[in-house]
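Below is target15.cif, which holds mmCIF, C-alpha atoms.
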data_model
loop_
_atom_site.group_PDB
_atom_site.id
_atom_site.type_symbol
_atom_site.label_atom_id
_atom_site.label_comp_id
_atom_site.auth_asym_id
_atom_site.auth_seq_id
_atom_site.Cartn_x
_atom_site.Cartn_y
_atom_site.Cartn_z
ATOM 1 C CA MET A 176 136.841 87.559 97.604
ATOM 2 C CA PRO A 177 134.196 89.488 95.617
ATOM 3 C CA GLU A 178 134.941 92.806 93.944
ATOM 4 C CA GLN A 179 134.174 95.524 96.483
ATOM 5 C CA LEU A 180 133.634 99.260 96.293
ATOM 6 C CA TRP A 181 135.703 101.261 98.773
ATOM 7 C CA PHE A 182 132.665 101.887 100.977
ATOM 8 C CA THR A 183 131.773 98.166 100.983
ATOM 9 C CA ALA A 184 135.371 97.283 101.840
ATOM 10 C CA LEU A 185 135.239 99.775 104.723
ATOM 11 C CA LEU A 186 131.985 98.298 106.071
ATOM 12 C CA ASN A 187 133.318 94.760 105.723
ATOM 13 C CA ARG A 188 136.526 95.703 107.540
ATOM 14 C CA LEU A 189 134.473 97.167 110.399
ATOM 15 C CA PHE A 190 131.504 94.791 110.603
ATOM 16 C CA ALA A 191 132.383 91.505 108.839
ATOM 17 C CA GLY A 192 132.736 89.611 112.144
ATOM 18 C CA PRO A 193 129.395 90.583 113.726
ATOM 19 C CA VAL A 194 127.487 90.288 110.412
ATOM 20 C CA THR A 195 128.843 86.783 109.704
ATOM 21 C CA ALA A 196 128.037 85.730 113.290
ATOM 22 C CA LEU A 197 124.509 87.129 112.946
ATOM 23 C CA LEU A 198 123.955 85.296 109.646
ATOM 24 C CA ARG A 199 125.169 82.045 111.181
ATOM 25 C CA VAL A 200 122.708 82.463 114.073
ATOM 26 C CA ILE A 201 119.876 82.375 111.516
ATOM 27 C CA HIS A 202 121.545 79.405 109.730
ATOM 28 C CA ILE A 203 122.798 81.333 106.703
ATOM 29 C CA GLU A 204 126.373 80.660 105.660
ATOM 30 C CA PRO A 205 127.758 83.663 103.724
ATOM 31 C CA HIS A 206 129.708 82.907 100.516
ATOM 32 C CA HIS A 207 132.577 85.044 101.746
ATOM 33 C CA PRO A 208 132.693 85.103 105.566
ATOM 34 C CA ALA A 209 135.377 87.803 105.472
ATOM 35 C CA ALA A 210 133.171 90.033 103.278
ATOM 36 C CA PRO A 211 129.501 89.211 103.972
ATOM 37 C CA ILE A 212 128.217 92.704 103.086
ATOM 38 C CA PRO A 213 127.572 93.024 99.317
ATOM 39 C CA ASN A 214 127.939 96.257 97.352
ATOM 40 C CA SER A 215 124.165 96.685 97.040
ATOM 41 C CA LEU A 216 123.627 96.595 100.818
ATOM 42 C CA ALA A 217 126.548 98.938 101.396
ATOM 43 C CA MET A 218 125.080 101.412 98.899
ATOM 44 C CA GLU A 219 121.677 101.167 100.585
ATOM 45 C CA ILE A 220 123.297 101.934 103.942
ATOM 46 C CA LEU A 221 125.106 104.875 102.350
ATOM 47 C CA VAL A 222 121.823 106.215 100.913
ATOM 48 C CA PHE A 223 120.211 105.811 104.337
ATOM 49 C CA ILE A 224 123.036 107.752 106.014
ATOM 50 C CA LEU A 225 122.933 110.432 103.289
ATOM 51 C CA LEU A 226 119.189 110.925 103.680
ATOM 52 C CA LEU A 227 119.470 111.000 107.460
ATOM 53 C CA VAL A 228 122.221 113.635 107.368
ATOM 54 C CA LEU A 229 120.358 115.654 104.744
ATOM 55 C CA PHE A 230 117.136 115.698 106.750
ATOM 56 C CA LEU A 231 118.941 116.518 110.018
ATOM 57 C CA LEU A 232 120.607 119.408 108.212
ATOM 58 C CA LEU A 233 117.265 120.481 106.823
ATOM 59 C CA ARG A 234 115.611 120.197 110.244
ATOM 60 C CA SER A 235 118.200 122.474 111.803
ATOM 61 C CA ARG A 236 117.663 125.129 109.095
ATOM 62 C CA LEU A 237 113.859 125.043 108.812
ATOM 63 C CA SER A 238 112.450 128.518 108.453
ATOM 64 C CA VAL A 239 108.964 129.793 107.663
ATOM 65 C CA ASP A 240 110.107 133.338 106.817
ATOM 66 C CA SER A 241 113.124 132.624 104.633
ATOM 67 C CA PRO A 242 113.241 129.003 103.499
ATOM 68 C CA GLY A 243 116.528 127.952 101.902
ATOM 69 C CA ALA A 244 117.032 126.190 98.575
ATOM 70 C CA LEU A 245 117.178 122.749 100.221
ATOM 71 C CA GLN A 246 113.928 123.370 102.098
ATOM 72 C CA HIS A 247 112.265 124.600 98.893
ATOM 73 C CA MET A 248 113.377 121.474 97.029
ATOM 74 C CA PHE A 249 112.197 119.010 99.658
ATOM 75 C CA GLU A 250 108.938 120.862 100.261
ATOM 76 C CA GLY A 251 108.356 120.869 96.511
ATOM 77 C CA LEU A 252 108.877 117.113 96.252
ATOM 78 C CA GLU A 253 106.684 116.432 99.275
ATOM 79 C CA GLY A 254 104.008 118.706 97.857
ATOM 80 C CA PHE A 255 104.212 116.894 94.530
ATOM 81 C CA VAL A 256 103.609 113.504 96.193
ATOM 82 C CA GLN A 257 100.820 115.029 98.311
ATOM 83 C CA ASP A 258 99.050 116.502 95.257
ATOM 84 C CA GLN A 259 99.405 113.303 93.293
ATOM 85 C CA SER A 260 98.062 111.052 96.075
ATOM 86 C CA ASN A 261 95.275 113.569 96.690
ATOM 87 C CA GLU A 262 94.292 113.314 93.033
ATOM 88 C CA ILE A 263 94.417 109.511 92.920
ATOM 89 C CA ILE A 264 93.285 108.453 96.413
ATOM 90 C CA GLY A 265 91.126 111.409 97.393
ATOM 91 C CA HIS A 266 90.796 113.775 100.326
ATOM 92 C CA HIS A 267 91.871 111.221 102.968
ATOM 93 C CA SER A 268 95.289 110.671 101.369
ATOM 94 C CA GLU A 269 97.343 112.781 103.839
ATOM 95 C CA GLY A 270 98.103 109.779 106.050
ATOM 96 C CA TYR A 271 99.894 107.974 103.232
ATOM 97 C CA THR A 272 102.111 110.841 102.099
ATOM 98 C CA ALA A 273 104.899 110.080 104.605
ATOM 99 C CA PHE A 274 105.397 106.538 103.321
ATOM 100 C CA LEU A 275 105.134 107.527 99.659
ATOM 101 C CA THR A 276 107.583 110.414 100.090
ATOM 102 C CA ALA A 277 110.064 108.205 101.963
ATOM 103 C CA LEU A 278 109.790 105.633 99.173
ATOM 104 C CA LEU A 279 110.353 108.344 96.571
ATOM 105 C CA PHE A 280 113.474 109.717 98.248
ATOM 106 C CA PHE A 281 114.971 106.291 98.911
ATOM 107 C CA ILE A 282 114.487 105.013 95.352
ATOM 108 C CA LEU A 283 115.557 108.316 93.795
ATOM 109 C CA PHE A 284 118.782 108.450 95.796
ATOM 110 C CA CYS A 285 119.450 104.743 95.166
ATOM 111 C CA ASN A 286 119.022 105.347 91.419
ATOM 112 C CA LEU A 287 121.129 108.492 91.282
ATOM 113 C CA ILE A 288 124.009 107.394 93.494
ATOM 114 C CA GLY A 289 125.301 105.296 90.583
ATOM 115 C CA LEU A 290 126.301 108.527 88.836
ATOM 116 C CA VAL A 291 128.905 109.278 91.516
ATOM 117 C CA PRO A 292 132.274 107.788 90.530
ATOM 118 C CA SER A 293 133.252 104.777 92.686
ATOM 119 C CA PHE A 294 129.615 104.110 93.662
ATOM 120 C CA GLU A 295 126.935 102.028 91.937
ATOM 121 C CA SER A 296 123.124 102.034 91.894
ATOM 122 C CA PRO A 297 121.812 99.441 94.364
ATOM 123 C CA THR A 298 118.556 99.350 92.386
ATOM 124 C CA ALA A 299 120.487 97.659 89.555
ATOM 125 C CA VAL A 300 120.675 94.568 91.791
ATOM 126 C CA VAL A 301 117.379 92.681 91.781
ATOM 127 C CA VAL A 302 117.004 92.194 95.553
ATOM 128 C CA VAL A 303 116.827 95.943 96.236
ATOM 129 C CA PRO A 304 113.829 96.697 93.948
ATOM 130 C CA LEU A 305 112.274 93.468 95.254
ATOM 131 C CA GLY A 306 112.653 94.748 98.821
ATOM 132 C CA CYS A 307 111.041 98.074 97.875
ATOM 133 C CA ALA A 308 108.195 96.273 96.069
ATOM 134 C CA ILE A 309 107.585 93.973 99.059
ATOM 135 C CA CYS A 310 107.491 97.027 101.370
ATOM 136 C CA ALA A 311 104.955 98.703 99.057
ATOM 137 C CA PHE A 312 102.921 95.475 98.853
ATOM 138 C CA PHE A 313 102.694 95.010 102.638
ATOM 139 C CA TYR A 314 102.028 98.708 103.165
ATOM 140 C CA TYR A 315 98.994 98.870 100.890
ATOM 141 C CA GLN A 316 97.625 95.548 102.185
ATOM 142 C CA ILE A 317 97.955 96.732 105.809
ATOM 143 C CA GLN A 318 96.333 100.066 104.927
ATOM 144 C CA GLY A 319 93.509 98.149 103.232
ATOM 145 C CA PHE A 320 92.893 96.146 106.419
ATOM 146 C CA LYS A 321 93.185 99.292 108.561
ATOM 147 C CA HIS A 322 90.665 101.070 106.377
ATOM 148 C CA SER A 323 88.048 98.351 105.885
ATOM 149 C CA GLY A 324 88.858 95.865 108.643
ATOM 150 C CA ILE A 325 88.134 92.231 107.813
ATOM 151 C CA GLY A 326 85.804 93.511 105.063
ATOM 152 C CA TYR A 327 88.944 94.183 103.009
ATOM 153 C CA LEU A 328 88.929 90.470 102.160
ATOM 154 C CA LYS A 329 85.818 91.161 100.050
ATOM 155 C CA HIS A 330 88.182 92.840 97.564
ATOM 156 C CA PHE A 331 89.576 89.386 96.851
ATOM 157 C CA ALA A 332 86.202 87.671 96.491
ATOM 158 C CA GLY A 333 85.071 89.332 93.258
ATOM 159 C CA PRO A 334 81.668 90.832 92.451
ATOM 160 C CA PHE A 335 79.538 87.694 93.121
ATOM 161 C CA TRP A 336 79.741 85.491 96.241
ATOM 162 C CA TRP A 337 79.253 82.305 94.204
ATOM 163 C CA LEU A 338 82.329 83.141 92.144
ATOM 164 C CA ALA A 339 84.576 83.689 95.194
ATOM 165 C CA TRP A 340 86.214 80.224 94.963
ATOM 166 C CA LEU A 341 87.561 81.164 91.507
ATOM 167 C CA MET A 342 88.251 84.850 92.114
ATOM 168 C CA LEU A 343 90.274 84.327 95.300
ATOM 169 C CA PRO A 344 93.284 82.561 93.666
ATOM 170 C CA ILE A 345 93.065 84.895 90.653
ATOM 171 C CA GLU A 346 93.147 87.999 92.884
ATOM 172 C CA ILE A 347 96.021 86.570 94.958
ATOM 173 C CA ILE A 348 98.030 85.921 91.775
ATOM 174 C CA SER A 349 97.129 89.381 90.486
ATOM 175 C CA HIS A 350 98.352 91.070 93.703
ATOM 176 C CA LEU A 351 101.571 89.021 93.782
ATOM 177 C CA ALA A 352 102.153 89.862 90.114
ATOM 178 C CA ARG A 353 102.249 93.542 91.100
ATOM 179 C CA VAL A 354 105.318 92.832 93.255
ATOM 180 C CA LEU A 355 107.041 91.113 90.348
ATOM 181 C CA SER A 356 106.021 93.844 87.921
ATOM 182 C CA LEU A 357 107.316 96.665 90.176
ATOM 183 C CA THR A 358 110.566 94.749 90.763
ATOM 184 C CA VAL A 359 111.303 93.874 87.143
ATOM 185 C CA ARG A 360 110.502 97.368 85.836
ATOM 186 C CA LEU A 361 112.837 99.187 88.230
ATOM 187 C CA TYR A 362 115.597 96.567 88.136
ATOM 188 C CA ALA A 363 115.654 96.135 84.352
ATOM 189 C CA ASN A 364 115.659 99.864 83.629
ATOM 190 C CA MET A 365 118.396 100.674 86.122
ATOM 191 C CA TYR A 366 120.523 97.684 85.101
ATOM 192 C CA ALA A 367 120.196 98.541 81.414
ATOM 193 C CA GLY A 368 120.938 102.227 82.115
ATOM 194 C CA ASP A 369 124.063 101.285 84.068
ATOM 195 C CA MET A 370 125.258 98.916 81.348
ATOM 196 C CA VAL A 371 124.746 101.423 78.517
ATOM 197 C CA THR A 372 126.586 104.155 80.444
ATOM 198 C CA LEU A 373 129.397 101.737 81.344
ATOM 199 C CA VAL A 374 129.818 100.493 77.760
ATOM 200 C CA PHE A 375 130.051 104.014 76.354
ATOM 201 C CA ILE A 376 132.444 105.155 79.085
ATOM 202 C CA SER A 377 134.710 102.184 78.318
ATOM 203 C CA LEU A 378 134.507 102.811 74.540
ATOM 204 C CA VAL A 379 134.961 106.592 74.462
ATOM 205 C CA PRO A 380 135.739 108.022 77.895
ATOM 206 C CA VAL A 381 135.521 111.685 76.810
ATOM 207 C CA ALA A 382 132.350 113.674 75.932
ATOM 208 C CA LEU A 383 130.275 110.823 74.435
ATOM 209 C CA PRO A 384 129.135 109.384 77.794
ATOM 210 C CA ILE A 385 127.607 112.745 78.821
ATOM 211 C CA PRO A 386 124.303 112.260 76.910
ATOM 212 C CA PHE A 387 124.089 108.750 78.360
ATOM 213 C CA LEU A 388 124.639 110.099 81.856
ATOM 214 C CA GLY A 389 121.786 112.523 81.104
ATOM 215 C CA LEU A 390 119.686 109.577 79.953
ATOM 216 C CA HIS A 391 120.555 107.735 83.168
ATOM 217 C CA ILE A 392 119.307 110.716 85.221
ATOM 218 C CA PHE A 393 116.086 110.831 83.164
ATOM 219 C CA VAL A 394 115.495 107.071 83.573
ATOM 220 C CA SER A 395 116.215 107.349 87.325
ATOM 221 C CA LEU A 396 113.635 110.119 87.753
ATOM 222 C CA LEU A 397 111.061 108.412 85.536
ATOM 223 C CA GLN A 398 111.362 105.009 87.219
ATOM 224 C CA THR A 399 111.119 106.579 90.667
ATOM 225 C CA TYR A 400 107.984 108.415 89.585
ATOM 226 C CA ILE A 401 106.393 105.274 88.097
ATOM 227 C CA PHE A 402 107.198 103.179 91.173
ATOM 228 C CA VAL A 403 105.624 105.719 93.545
ATOM 229 C CA LEU A 404 102.697 106.387 91.202
ATOM 230 C CA LEU A 405 101.829 102.686 90.884
ATOM 231 C CA THR A 406 102.142 102.222 94.656
ATOM 232 C CA THR A 407 99.658 105.102 95.024
ATOM 233 C CA VAL A 408 97.315 103.456 92.507
ATOM 234 C CA TYR A 409 97.486 100.136 94.417
ATOM 235 C CA LEU A 410 96.903 102.009 97.669
ATOM 236 C CA GLN A 411 93.853 103.670 96.134
ATOM 237 C CA GLY A 412 92.504 100.239 95.166
ATOM 238 C CA ALA A 413 93.031 98.961 98.705
ATOM 239 C CA VAL A 414 91.366 101.876 100.504
ATOM 240 C CA ALA A 415 88.609 102.535 97.948
ATOM 241 C CA GLU A 416 85.135 102.745 99.487
ATOM 242 C CA GLU A 417 83.227 100.720 96.920
ATOM 243 C CA HIS A 418 84.247 97.764 94.759
ATOM 244 C CA MET B 29 88.443 132.191 83.307
ATOM 245 C CA PRO B 30 92.167 131.677 82.801
ATOM 246 C CA ALA B 31 92.825 130.337 86.319
ATOM 247 C CA ASP B 32 90.148 127.666 85.946
ATOM 248 C CA SER B 33 91.266 126.566 82.514
ATOM 249 C CA GLU B 34 94.886 126.487 83.677
ATOM 250 C CA LYS B 35 93.871 124.308 86.617
ATOM 251 C CA ARG B 36 91.873 122.012 84.330
ATOM 252 C CA ASP B 37 94.809 121.761 81.902
ATOM 253 C CA SER B 38 97.216 120.841 84.683
ATOM 254 C CA SER B 39 94.729 118.282 86.071
ATOM 255 C CA ASP B 40 94.321 116.757 82.579
ATOM 256 C CA LYS B 41 98.088 116.554 82.283
ATOM 257 C CA GLU B 42 98.311 114.740 85.634
ATOM 258 C CA ASN B 43 95.560 112.395 84.548
ATOM 259 C CA PHE B 44 97.497 111.693 81.403
ATOM 260 C CA TRP B 45 100.590 110.726 83.422
ATOM 261 C CA VAL B 46 98.565 108.508 85.759
ATOM 262 C CA GLN B 47 96.881 106.885 82.769
ATOM 263 C CA TRP B 48 100.193 106.475 81.011
ATOM 264 C CA ALA B 49 101.722 104.739 84.058
ATOM 265 C CA ARG B 50 98.690 102.453 84.372
ATOM 266 C CA TYR B 51 98.835 101.451 80.710
ATOM 267 C CA SER B 52 102.591 100.948 80.845
ATOM 268 C CA GLU B 53 101.947 98.575 83.742
ATOM 269 C CA LEU B 54 99.955 96.282 81.454
ATOM 270 C CA ALA B 55 103.055 95.348 79.477
ATOM 271 C CA LEU B 56 104.538 93.810 82.605
ATOM 272 C CA ILE B 57 101.532 92.775 84.676
ATOM 273 C CA PHE B 58 100.370 90.267 82.068
ATOM 274 C CA PRO B 59 103.597 88.192 81.870
ATOM 275 C CA ALA B 60 104.177 88.751 85.615
ATOM 276 C CA ALA B 61 100.773 87.223 86.424
ATOM 277 C CA VAL B 62 101.586 84.162 84.290
ATOM 278 C CA VAL B 63 105.011 83.744 85.938
ATOM 279 C CA VAL B 64 103.547 84.164 89.447
ATOM 280 C CA GLY B 65 100.761 81.670 88.634
ATOM 281 C CA TRP B 66 103.319 79.192 87.403
ATOM 282 C CA LEU B 67 105.549 79.707 90.497
ATOM 283 C CA VAL B 68 102.618 79.304 92.907
ATOM 284 C CA GLY B 69 101.477 76.184 91.031
ATOM 285 C CA ALA B 70 104.993 74.722 91.002
ATOM 286 C CA ALA B 71 105.300 75.377 94.753
ATOM 287 C CA LEU B 72 101.989 73.588 95.345
ATOM 288 C CA ASP B 73 103.177 70.684 93.146
ATOM 289 C CA ARG B 74 106.314 70.376 95.238
ATOM 290 C CA TRP B 75 104.427 70.639 98.510
ATOM 291 C CA LEU B 76 101.596 68.239 97.645
ATOM 292 C CA HIS B 77 103.698 65.886 95.449
ATOM 293 C CA ALA B 78 101.413 66.522 92.486
ATOM 294 C CA SER B 79 102.264 67.343 88.870
ATOM 295 C CA TRP B 80 99.355 69.395 87.545
ATOM 296 C CA PHE B 81 99.067 72.449 89.821
ATOM 297 C CA TYR B 82 101.582 74.357 87.696
ATOM 298 C CA LEU B 83 99.212 74.130 84.717
ATOM 299 C CA VAL B 84 96.309 75.395 86.822
ATOM 300 C CA GLY B 85 98.598 78.203 88.058
ATOM 301 C CA ILE B 86 99.540 79.222 84.513
ATOM 302 C CA VAL B 87 95.876 79.244 83.423
ATOM 303 C CA LEU B 88 94.855 81.297 86.482
ATOM 304 C CA GLY B 89 97.779 83.654 85.789
ATOM 305 C CA ILE B 90 96.575 84.202 82.220
ATOM 306 C CA VAL B 91 93.024 84.826 83.494
ATOM 307 C CA ALA B 92 94.359 87.253 86.134
ATOM 308 C CA GLY B 93 96.272 89.123 83.401
ATOM 309 C CA PHE B 94 93.149 89.402 81.244
ATOM 310 C CA ILE B 95 91.046 90.553 84.211
ATOM 311 C CA GLU B 96 93.550 93.341 84.921
ATOM 312 C CA LEU B 97 93.427 94.304 81.239
ATOM 313 C CA PHE B 98 89.614 94.411 81.155
ATOM 314 C CA ARG B 99 89.444 96.335 84.439
ATOM 315 C CA LEU B 100 91.749 99.004 83.111
ATOM 316 C CA VAL B 101 89.987 99.341 79.774
ATOM 317 C CA LEU B 102 86.518 99.397 81.373
ATOM 318 C CA ARG B 103 87.589 101.976 83.970
ATOM 319 C CA ASP B 104 88.724 104.391 81.253
ATOM 320 C CA TRP B 105 85.795 103.590 78.981
ATOM 321 C CA LYS B 106 83.143 104.574 81.565
#

Produce structure tokens that represent the structure in this file.
Amino acid sequence: MPEQLWFTALLNRLFAGPVTALLRVIHIEPHHPAAPIPNSLAMEILVFILLLVLFLLLRSRLSVDSPGALQHMFEGLEGFVQDQSNEIIGHHSEGYTAFLTALLFFILFCNLIGLVPSFESPTAVVVVPLGCAICAFFYYQIQGFKHSGIGYLKHFAGPFWWLAWLMLPIEIISHLARVLSLTVRLYANMYAGDMVTLVFISLVPVALPIPFLGLHIFVSLLQTYIFVLLTTVYLQGAVAEEH
Amino acid sequence: MPADSEKRDSSDKENFWVQWARYSELALIFPAAVVVGWLVGAALDRWLHASWFYLVGIVLGIVAGFIELFRLVLRDWK
């Protein structure tokens, strides 16, 4: 039996049967049939529930005349993403703000939830950043096709038609490398941050870990920002008018 | 005009952060392109029962890394 957080244990107690059955339908045999849900997935589900509850709460309290602190905070973050994508992509960036803001909130909450005792950051497990990077990759490719149609493929052919046979594999490798780069950056930073905090908490449990917890918050914010910023830059490359 | 200069300062600051993120990407995109090239080549080797695609993949990965580097430098140089 793997080591489980209390929330993972709760999910496994409730859903282990159906999840194992579902995995077997798609020919995947879980390592632990009695506990098929790992900590990282449980934490992702928790973040999803938290965000859902938070936004429902916010929705019920929306006010134009007297916005509350929560509304101010979320509007500020949304405005920040909007301004940034407007600066990078241009005037037609409004359509992408929803995805970028959702990505920002999900990664930020995933990074920060590790600070709560008895929880851990799901982004410190490589599959979670990989999932986010794959989502970002498919999103900007789909937007590229939506924007330019089949002409989007010209982005992969390079500047000269006679060089297309060489540029095509190079561009494909370059685009796939972005997924790896986004994944490794987020995963490595969050994993290292978790380890440093954990080591100092185990060495000196009083006072000394506080600066490292502060550092963890800073790294969480910075990595979220970089992930969203680079996704915006890739999106700009995909929907750019001229290449 | 203070408002204009303030706006320009804030825009410069944003540009700095965007530039900083782009340059920080280079540290990872270069090795990532080589690794992806190698993985794609190795997959082709396995699929086509060949033994040289991985080398082609690594070379293309290195070229892809350099192209990204040149693109970034040229974009900021213009």

The PyMOL selection byres ((chain A) within 10 of (chain B)) resolved against shown file, as JSON, numbers by chain: {"A": [258, 259, 262, 263, 341, 342, 344, 345, 346, 347, 348, 349, 350, 351, 352, 353, 354, 355, 356, 357, 359, 360, 400, 401, 402, 404, 405, 407, 408]}

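Atom CA of A:Ile317 is found 26.1 Å from atom CA of A:Val222.
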
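Separating atom CA of A:His207 from atom CA of A:Phe281 is a distance of 27.7 Å.
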
Centre and edge lengths, as lines of an AutoDock Vina configuration file, for the axis-aligned box enclosing every listed atom of stretch 80-93 of chain B with 8 Å of padding on each of the six sides, in Å to one decimal?
center_x = 97.3
center_y = 79.3
center_z = 86.0
size_x = 24.6
size_y = 35.7
size_z = 23.6

Length of the atom CA of A:Glu250 to atom CA of A:Leu237 vector [Å]: 10.7 Å
